[in-house]
Structure formats: structure tokens, C-alpha cells
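> My questions all concern the structure below.
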Amino acid sequence: MPKRVTVALVRSLVEAQPNDVAIAIDVLRATTTLAVLFGRGCRGVWLAADVGSARAIGQATGRLICGEQGGLPPPGFDYGNSPVEFSRLDLTGREVVFATTNGTGTLRACSPARHVFSGAFVNLTAVVQTALRSLTALGDDAGRLLIACAGTAGHFGLEDAACAGMMARQVVREDGATELDDAAEAVRRLYESYGGAVEAVQASHHAHSLVELGLADDVLFCAQVDVSGVVPELHPQSPWPLHLVDQPAANEGLTSG
């Protein structure tokens with residue numbers, strides 16, 4: 001049976017089903033940052049519902065409080081949502097509470113799916129291959145590969161759509177029998193019209209907003225392709241708030257395979 005790929009262009013269009021495998025994308029910057037956090041040795045990341053929850057959980061548990069509101073670290077947070085900043089830190093054994101405007105909510109929206117992975121340009125090939133293996137393992141029970149774009153404040157985001165398009169193209173290359181829905185075909189052609197991740201990311205409105213905040217280095221970092229093999233996976237059956245852990249043998253939260 002050919003694999004089916006569907007793309008949700010914004011979070012509000014995410015309709016994950018129990019046998020789907022999902023990839024949540026927030027290129028600028030949450031899912032890029034998640035790959036970096038685990039790559040720098042972070043032991044676990046809890047996805048908080050909002051900034052207030054993140055602050056309360058972090059203060060109660062002693063975990064690092066990280067994330068953003070309007071692109072910048074909220075008051076009382078230890079760090080923001082900058083993959084460049086995290087790439088310079090040693091986070092071995094540290095635990096993080098994470099809240100962002102778009103990305104963490106998109107991961108949560110995908111939670112009804114059988115598997116939910118956190119993807120971006122930086123870990124694109126690794127996350128696509130992991131998702132396809134997961135679909136294959138489901139056999140006749142397999143649903144769709146759902147690629148969910150976070151967008152920005154509920155609106156279409158060019159950078160996320162382009163990343164989804166590159167993922168759709170990669171899926172077709174991995175499995176030529178793949179069926180793309182209209183949105184998946186559209187974003188594949190969108191990505192190809194730019195000819196590369198850097199061009200697509202820099203053309204986005206969100207990138208321009210980050211540059212205005214002095215975060216141009218983050219924009220370029222997020223446009224890198226396949227610089228990480230880290231694949232975080234969400235485990236919705238874990239205690240709330242959702243938990244990410246960096247070993248696939250763990251039983252709760254998001255694992256990094």
C-alpha cells in the first residue's frame with residue numbers, strides 16, 4: 001500500500017488520527033531549538049501550556065525555564081528560544097520547561113497520532129526516515145504521514161511550508177509510490193521554487209521579524225539542512241505537562257532517537 005502524505009498548513013488545520021504518524025514543524029524556532037537542546041545533552045524537556053505554566057513549573061522543580069513570547073524571553077525565564085545560544089551551552093543532564101508561541105502548541109495538537117516527531121530543516125532527513133520507518137512498522141494499520149506546520153500566530157508561515165515541501169520531496173525520493181495530497185504537492189512545489197532552505201527561510205515574514213529583534217544569526221542557523229541526527233518524539237501518554245527525553249527506551253514524553 002502506498003504511503004499517504006498530508007500537510008496541515010497551519011496548526012488550526014491539524015486533524016491527527018490515532019494511526020497517523022506526524023511531524024510537527026516550527027522552523028523559526030521551536031523545533032529547531034528542540035533538536036539543539038537534545039544535541040547539547042539535555043535530559044528532558046517538558047512542553048508547558050503557556051508562559052505562566054512554564055514559569056510556575058520551573059520555579060517549583062528547579063528546571064531551566066526556556067522559551068519566548070513575541071520572539072523574546074519572558075521575564076523570569078533562564079533562556080529564550082535561540083538555537084544559536086543553546087548550541088554554545090553544555091546542557092548535559094539538565095531538564096528544561098519549554099513554552100513558545102507556535103511550536104509547542106503544534107506538537108500538542110498532533111498528540112492524537114500514534115507517533116509525533118519534532119522536525120525542522122536541521123534534522124530533516126533523520127526525521128523523515130524515522131517517520132517512514134514508523135509508518136512501515138504499523139503495517140496494514142498505518143494511517144497517513146501528517147506534516148503539521150506551526151505557522152505564526154495562526155497564519156501561514158512560508159518557512160514552515162517550505163520545510164514541509166522539502167520533507168514531502170524527501171518522502172517521494174525514499175518511497176516512489178507515495179501519494180501526496182494537494183497541500184503536500186503545493187508545498188513541494190513551493191520549496192522547489194526557492195531552490196533551497198536559506199532562500200525560503202530568509203524570504204519569510206517571520207524571519208524579517210526576528211532580524212528586527214537582532215536575531216539574524218538564529219535565522220541562518222535554522223536554515224541549515226541535516227546538521228543534526230536528533231529526532232525528538234512526543235509521548236502523549238506521559239504525565240502532563242508533556243516530557244521529552246533523549247533516549248528511545250524511555251517511557252514518557254518526547255524521546256530523541
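Chain labels follow the order of the C-alpha cells: the first chain is A, the next B, and so on; residue numbering restarts at 1 in every chain, and ligands are counted from 1 in their shown order.
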Taking 4 positions as the minimum chain separation for residues in the same chain, which residues sit within 9 Å of range 109-116 of chain A when counting only C-alpha atoms? Answer as a PDB file with N, CA and C atoms, in the first residue's frame.


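Printed below is selection_6.pdb as written:
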ATOM      1  N   ARG A  11      -1.611  25.362  12.242  1.00  0.00           N
ATOM      2  CA  ARG A  11      -1.961  24.490  13.365  1.00  0.00           C
ATOM      3  C   ARG A  11      -3.463  24.214  13.441  1.00  0.00           C
ATOM      4  N   SER A  12      -4.285  25.198  13.128  1.00  0.00           N
ATOM      5  CA  SER A  12      -5.735  25.009  13.241  1.00  0.00           C
ATOM      6  C   SER A  12      -6.264  23.951  12.287  1.00  0.00           C
ATOM      7  N   VAL A  14      -4.727  21.023  11.783  1.00  0.00           N
ATOM      8  CA  VAL A  14      -4.215  19.718  12.195  1.00  0.00           C
ATOM      9  C   VAL A  14      -5.377  18.847  12.679  1.00  0.00           C
ATOM     10  N   GLU A  15      -5.549  17.691  12.044  1.00  0.00           N
ATOM     11  CA  GLU A  15      -6.564  16.714  12.451  1.00  0.00           C
ATOM     12  C   GLU A  15      -5.893  15.349  12.512  1.00  0.00           C
ATOM     13  N   ALA A  16      -5.105  15.147  13.544  1.00  0.00           N
ATOM     14  CA  ALA A  16      -4.346  13.905  13.683  1.00  0.00           C
ATOM     15  C   ALA A  16      -5.268  12.760  14.074  1.00  0.00           C
ATOM     16  N   GLN A  17      -5.054  11.605  13.441  1.00  0.00           N
ATOM     17  CA  GLN A  17      -5.829  10.400  13.718  1.00  0.00           C
ATOM     18  C   GLN A  17      -4.956   9.369  14.437  1.00  0.00           C
ATOM     19  N   PRO A  18      -5.579   8.412  15.144  1.00  0.00           N
ATOM     20  CA  PRO A  18      -4.810   7.501  16.003  1.00  0.00           C
ATOM     21  C   PRO A  18      -3.729   6.690  15.309  1.00  0.00           C
ATOM     22  N   ASN A  19      -3.872   6.368  14.032  1.00  0.00           N
ATOM     23  CA  ASN A  19      -2.857   5.582  13.346  1.00  0.00           C
ATOM     24  C   ASN A  19      -1.969   6.416  12.428  1.00  0.00           C
ATOM     25  N   ASP A  20      -2.067   7.719  12.548  1.00  0.00           N
ATOM     26  CA  ASP A  20      -1.173   8.594  11.781  1.00  0.00           C
ATOM     27  C   ASP A  20       0.205   8.646  12.425  1.00  0.00           C
ATOM     28  N   VAL A  21       1.183   9.008  11.623  1.00  0.00           N
ATOM     29  CA  VAL A  21       2.500   9.402  12.109  1.00  0.00           C
ATOM     30  C   VAL A  21       2.651  10.871  11.736  1.00  0.00           C
ATOM     31  N   ALA A  22       3.009  11.699  12.700  1.00  0.00           N
ATOM     32  CA  ALA A  22       3.035  13.143  12.474  1.00  0.00           C
ATOM     33  C   ALA A  22       4.428  13.717  12.678  1.00  0.00           C
ATOM     34  N   ILE A  23       4.725  14.737  11.892  1.00  0.00           N
ATOM     35  CA  ILE A  23       5.920  15.561  12.088  1.00  0.00           C
ATOM     36  C   ILE A  23       5.446  16.987  12.291  1.00  0.00           C
ATOM     37  N   ALA A  24       5.758  17.566  13.446  1.00  0.00           N
ATOM     38  CA  ALA A  24       5.419  18.955  13.728  1.00  0.00           C
ATOM     39  C   ALA A  24       6.606  19.838  13.368  1.00  0.00           C
ATOM     40  N   THR A 104       5.269  24.682  20.435  1.00  0.00           N
ATOM     41  CA  THR A 104       4.864  23.707  21.446  1.00  0.00           C
ATOM     42  C   THR A 104       3.387  23.363  21.300  1.00  0.00           C
ATOM     43  N   GLY A 105       2.571  24.350  20.928  1.00  0.00           N
ATOM     44  CA  GLY A 105       1.151  24.075  20.710  1.00  0.00           C
ATOM     45  C   GLY A 105       0.904  23.169  19.523  1.00  0.00           C
ATOM     46  N   ALA A 131      10.134   8.759  10.596  1.00  0.00           N
ATOM     47  CA  ALA A 131       8.680   8.721  10.415  1.00  0.00           C
ATOM     48  C   ALA A 131       8.267   7.622   9.446  1.00  0.00           C
ATOM     49  N   SER A 134       8.409   4.310  11.074  1.00  0.00           N
ATOM     50  CA  SER A 134       7.286   4.151  11.992  1.00  0.00           C
ATOM     51  C   SER A 134       6.013   3.776  11.245  1.00  0.00           C
ATOM     52  N   LEU A 135       5.780   4.389  10.088  1.00  0.00           N
ATOM     53  CA  LEU A 135       4.622   4.027   9.273  1.00  0.00           C
ATOM     54  C   LEU A 135       4.710   2.587   8.800  1.00  0.00           C
ATOM     55  N   LEU A 146       1.372  12.781   8.504  1.00  0.00           N
ATOM     56  CA  LEU A 146       0.841  14.130   8.648  1.00  0.00           C
ATOM     57  C   LEU A 146       1.999  15.075   8.960  1.00  0.00           C
ATOM     58  N   ALA A 148       2.724  18.779  10.001  1.00  0.00           N
ATOM     59  CA  ALA A 148       1.951  19.874  10.582  1.00  0.00           C
ATOM     60  C   ALA A 148       2.810  21.122  10.712  1.00  0.00           C
ATOM     61  N   PRO A 232      13.443  14.181  18.147  1.00  0.00           N
ATOM     62  CA  PRO A 232      12.578  14.118  19.328  1.00  0.00           C
ATOM     63  C   PRO A 232      11.208  13.525  18.988  1.00  0.00           C
ATOM     64  N   GLU A 233      10.696  12.694  19.888  1.00  0.00           N
ATOM     65  CA  GLU A 233       9.373  12.093  19.702  1.00  0.00           C
ATOM     66  C   GLU A 233       8.495  12.367  20.907  1.00  0.00           C
ATOM     67  N   LEU A 234       7.264  12.748  20.626  1.00  0.00           N
ATOM     68  CA  LEU A 234       6.297  13.055  21.663  1.00  0.00           C
ATOM     69  C   LEU A 234       5.621  11.780  22.164  1.00  0.00           C
ATOM     70  N   HIS A 235       5.421  11.701  23.475  1.00  0.00           N
ATOM     71  CA  HIS A 235       4.698  10.574  24.070  1.00  0.00           C
ATOM     72  C   HIS A 235       3.522  11.104  24.873  1.00  0.00           C
ATOM     73  N   PRO A 236       2.355  11.245  24.256  1.00  0.00           N
ATOM     74  CA  PRO A 236       1.229  11.874  24.927  1.00  0.00           C
ATOM     75  C   PRO A 236       0.704  11.105  26.132  1.00  0.00           C
ATOM     76  N   LEU A 254       8.819  13.144  25.187  1.00  0.00           N
ATOM     77  CA  LEU A 254       9.412  13.126  23.862  1.00  0.00           C
ATOM     78  C   LEU A 254      10.773  12.459  23.929  1.00  0.00           C
TER      79      LEU A 254
END

> Which residues are near range 61-76 of chain A? Cut-off 9 Å, only C-alpha atoms, ignore same chain within fewer than 3 positions. Put them as a PyMOL selection string.

chain A and resi 30+51+54-58+79-82+94-101+209-210+213

> Can I get the selected residues back with N, CA and C atoms, as a PDB file, in the first residue's frame?


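Contents of the output file selection_24.pdb:
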ATOM      1  N   ALA A  30      11.067  26.818  17.338  1.00  0.00           N
ATOM      2  CA  ALA A  30      10.919  25.829  18.410  1.00  0.00           C
ATOM      3  C   ALA A  30      11.455  24.445  18.060  1.00  0.00           C
ATOM      4  N   VAL A  51       3.299  30.495  28.981  1.00  0.00           N
ATOM      5  CA  VAL A  51       4.429  31.093  29.686  1.00  0.00           C
ATOM      6  C   VAL A  51       4.255  31.002  31.195  1.00  0.00           C
ATOM      7  N   ALA A  54       4.926  27.497  32.400  1.00  0.00           N
ATOM      8  CA  ALA A  54       6.359  27.196  32.334  1.00  0.00           C
ATOM      9  C   ALA A  54       7.087  27.815  33.517  1.00  0.00           C
ATOM     10  N   ARG A  55       6.772  29.058  33.807  1.00  0.00           N
ATOM     11  CA  ARG A  55       7.435  29.746  34.915  1.00  0.00           C
ATOM     12  C   ARG A  55       7.139  29.049  36.241  1.00  0.00           C
ATOM     13  N   ALA A  56       5.882  28.676  36.462  1.00  0.00           N
ATOM     14  CA  ALA A  56       5.499  28.038  37.718  1.00  0.00           C
ATOM     15  C   ALA A  56       6.153  26.668  37.875  1.00  0.00           C
ATOM     16  N   ILE A  57       6.150  25.871  36.788  1.00  0.00           N
ATOM     17  CA  ILE A  57       6.745  24.536  36.849  1.00  0.00           C
ATOM     18  C   ILE A  57       8.250  24.633  37.085  1.00  0.00           C
ATOM     19  N   GLY A  58       8.896  25.543  36.356  1.00  0.00           N
ATOM     20  CA  GLY A  58      10.337  25.690  36.516  1.00  0.00           C
ATOM     21  C   GLY A  58      10.726  26.120  37.911  1.00  0.00           C
ATOM     22  N   TYR A  79      16.421  31.200  29.781  1.00  0.00           N
ATOM     23  CA  TYR A  79      16.870  31.367  28.401  1.00  0.00           C
ATOM     24  C   TYR A  79      15.651  31.585  27.516  1.00  0.00           C
ATOM     25  N   GLY A  80      15.918  32.041  26.296  1.00  0.00           N
ATOM     26  CA  GLY A  80      14.858  32.238  25.333  1.00  0.00           C
ATOM     27  C   GLY A  80      14.640  31.004  24.476  1.00  0.00           C
ATOM     28  N   ASN A  81      14.521  31.245  23.164  1.00  0.00           N
ATOM     29  CA  ASN A  81      14.247  30.178  22.197  1.00  0.00           C
ATOM     30  C   ASN A  81      15.270  30.258  21.072  1.00  0.00           C
ATOM     31  N   SER A  82      16.511  30.574  21.439  1.00  0.00           N
ATOM     32  CA  SER A  82      17.554  30.780  20.437  1.00  0.00           C
ATOM     33  C   SER A  82      18.394  29.525  20.246  1.00  0.00           C
ATOM     34  N   ARG A  94      20.720  18.360  32.115  1.00  0.00           N
ATOM     35  CA  ARG A  94      19.771  19.386  32.527  1.00  0.00           C
ATOM     36  C   ARG A  94      18.373  19.068  32.023  1.00  0.00           C
ATOM     37  N   GLU A  95      17.385  19.575  32.750  1.00  0.00           N
ATOM     38  CA  GLU A  95      15.984  19.430  32.376  1.00  0.00           C
ATOM     39  C   GLU A  95      15.404  20.811  32.104  1.00  0.00           C
ATOM     40  N   VAL A  96      14.503  20.892  31.133  1.00  0.00           N
ATOM     41  CA  VAL A  96      14.005  22.167  30.643  1.00  0.00           C
ATOM     42  C   VAL A  96      12.483  22.157  30.622  1.00  0.00           C
ATOM     43  N   VAL A  97      11.905  23.285  30.996  1.00  0.00           N
ATOM     44  CA  VAL A  97      10.484  23.545  30.741  1.00  0.00           C
ATOM     45  C   VAL A  97      10.432  24.535  29.588  1.00  0.00           C
ATOM     46  N   PHE A  98       9.625  24.235  28.584  1.00  0.00           N
ATOM     47  CA  PHE A  98       9.692  24.949  27.303  1.00  0.00           C
ATOM     48  C   PHE A  98       8.312  25.445  26.910  1.00  0.00           C
ATOM     49  N   ALA A  99       8.198  26.719  26.603  1.00  0.00           N
ATOM     50  CA  ALA A  99       6.930  27.292  26.133  1.00  0.00           C
ATOM     51  C   ALA A  99       7.216  28.292  25.031  1.00  0.00           C
ATOM     52  N   THR A 100       6.547  28.135  23.894  1.00  0.00           N
ATOM     53  CA  THR A 100       6.735  29.058  22.777  1.00  0.00           C
ATOM     54  C   THR A 100       5.374  29.445  22.201  1.00  0.00           C
ATOM     55  N   THR A 101       5.384  30.458  21.368  1.00  0.00           N
ATOM     56  CA  THR A 101       4.136  30.987  20.822  1.00  0.00           C
ATOM     57  C   THR A 101       3.451  30.008  19.883  1.00  0.00           C
ATOM     58  N   SER A 209      10.972  39.536  10.995  1.00  0.00           N
ATOM     59  CA  SER A 209      10.665  39.977  12.355  1.00  0.00           C
ATOM     60  C   SER A 209      11.796  39.633  13.312  1.00  0.00           C
ATOM     61  N   LEU A 210      12.366  38.445  13.161  1.00  0.00           N
ATOM     62  CA  LEU A 210      13.475  38.052  14.029  1.00  0.00           C
ATOM     63  C   LEU A 210      14.715  38.899  13.767  1.00  0.00           C
ATOM     64  N   LEU A 213      14.542  41.994  15.609  1.00  0.00           N
ATOM     65  CA  LEU A 213      14.794  41.806  17.036  1.00  0.00           C
ATOM     66  C   LEU A 213      16.272  41.539  17.331  1.00  0.00           C
TER      67      LEU A 213
END

> Can you pull out every residue from range 104-193 of chain A that DSSP, working from the backbone, puts in alpha helix (DSSP H), and format the result as a PyMOL selection string?

chain A and resi 104-109+124-138+158-174+182-193

> For Arg29 in chain A, which residue out of A:Val219, A:Leu89, A:Leu190, A:Val127 is the nearest one, using only C-alpha atoms?

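Checking each of A:Val219, A:Leu89, A:Leu190, A:Val127 against Arg29 in chain A, counting only C-alpha atoms, the winner is A:Val219.
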
> I'd like the interatomic distance between CA of Ala197 in chain A and CA of Pro2 in chain A, to a tenth of an Å.

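Interatomic distance here is 27.5 Å.
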
> Can you work out the spacing between CA of Ser204 in chain A and CA of Thr31 in chain A in Å, to one decimal?

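Those two atoms sit 16.8 Å apart.
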
> I'd like to know which residues of range 138-170 of chain A are strand (DSSP E or B) (by DSSP, run on the backbone); could you write them as a ChimeraX atom specification?

/A:145-149,152,155

> Which one is closest to Cys222 in chain A: A:Val10, A:Ala120, A:Val5, A:Ala150? Count only C-alpha atoms.

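That would be A:Ala120, the residue with the smallest distance to Cys222 in chain A.
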
> For Val128 in chain A, find every residue with an atom within 8 Å (counting only C-alpha atoms), except residues of its own chain fewer than 5 positions away, and show them as a list in words.

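Listed by chain and then number, they are Met167, Gln170 and Val171 of chain A.
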
> Between A:Val7, A:Leu28, A:Val198, A:Leu107, single out the one closest to Trp46 in chain A, counting only C-alpha atoms.

A:Leu107

> Do you know which residues are at most 6 Å from range 153-166 of chain A counting only C-alpha atoms, after dropping those on the same chain fewer than 2 positions away, and could you put them as a ChimeraX atom specification?

/A:10,27,149,151,168-169,187-188,191,200-201,204

> Pick the closest to Glu85 in chain A from A:Leu215, A:Ala207, A:Ala60, A:Ala183: which is it, counting only C-alpha atoms?

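Looking at the shortest contact to Glu85 in chain A, the residue is A:Leu215.
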
> I want to know what sits within 10 Å of Arg88 in chain A, based on only C-alpha atoms, with residues of the same chain fewer than 3 positions away left out; could you give that as a PyMOL selection string?

chain A and resi 36+40+83-85+91

> Give me, please, the distance in Å between CA of Gly103 in chain A and CA of Thr130 in chain A, quoted to one decimal.

19.9 Å

> Nearest residue to His206 in chain A out of A:Ala137, A:Asp26, A:Asp182, A:Phe121, using only C-alpha atoms?

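Nearest to His206 in chain A: A:Asp26.
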
> Considering only C-alpha atoms, state which residue in the set A:Thr33, A:Glu199, A:Met1, A:Thr6 is at the smallest distance from Ala142 in chain A.

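The closest residue to Ala142 in chain A is A:Met1.
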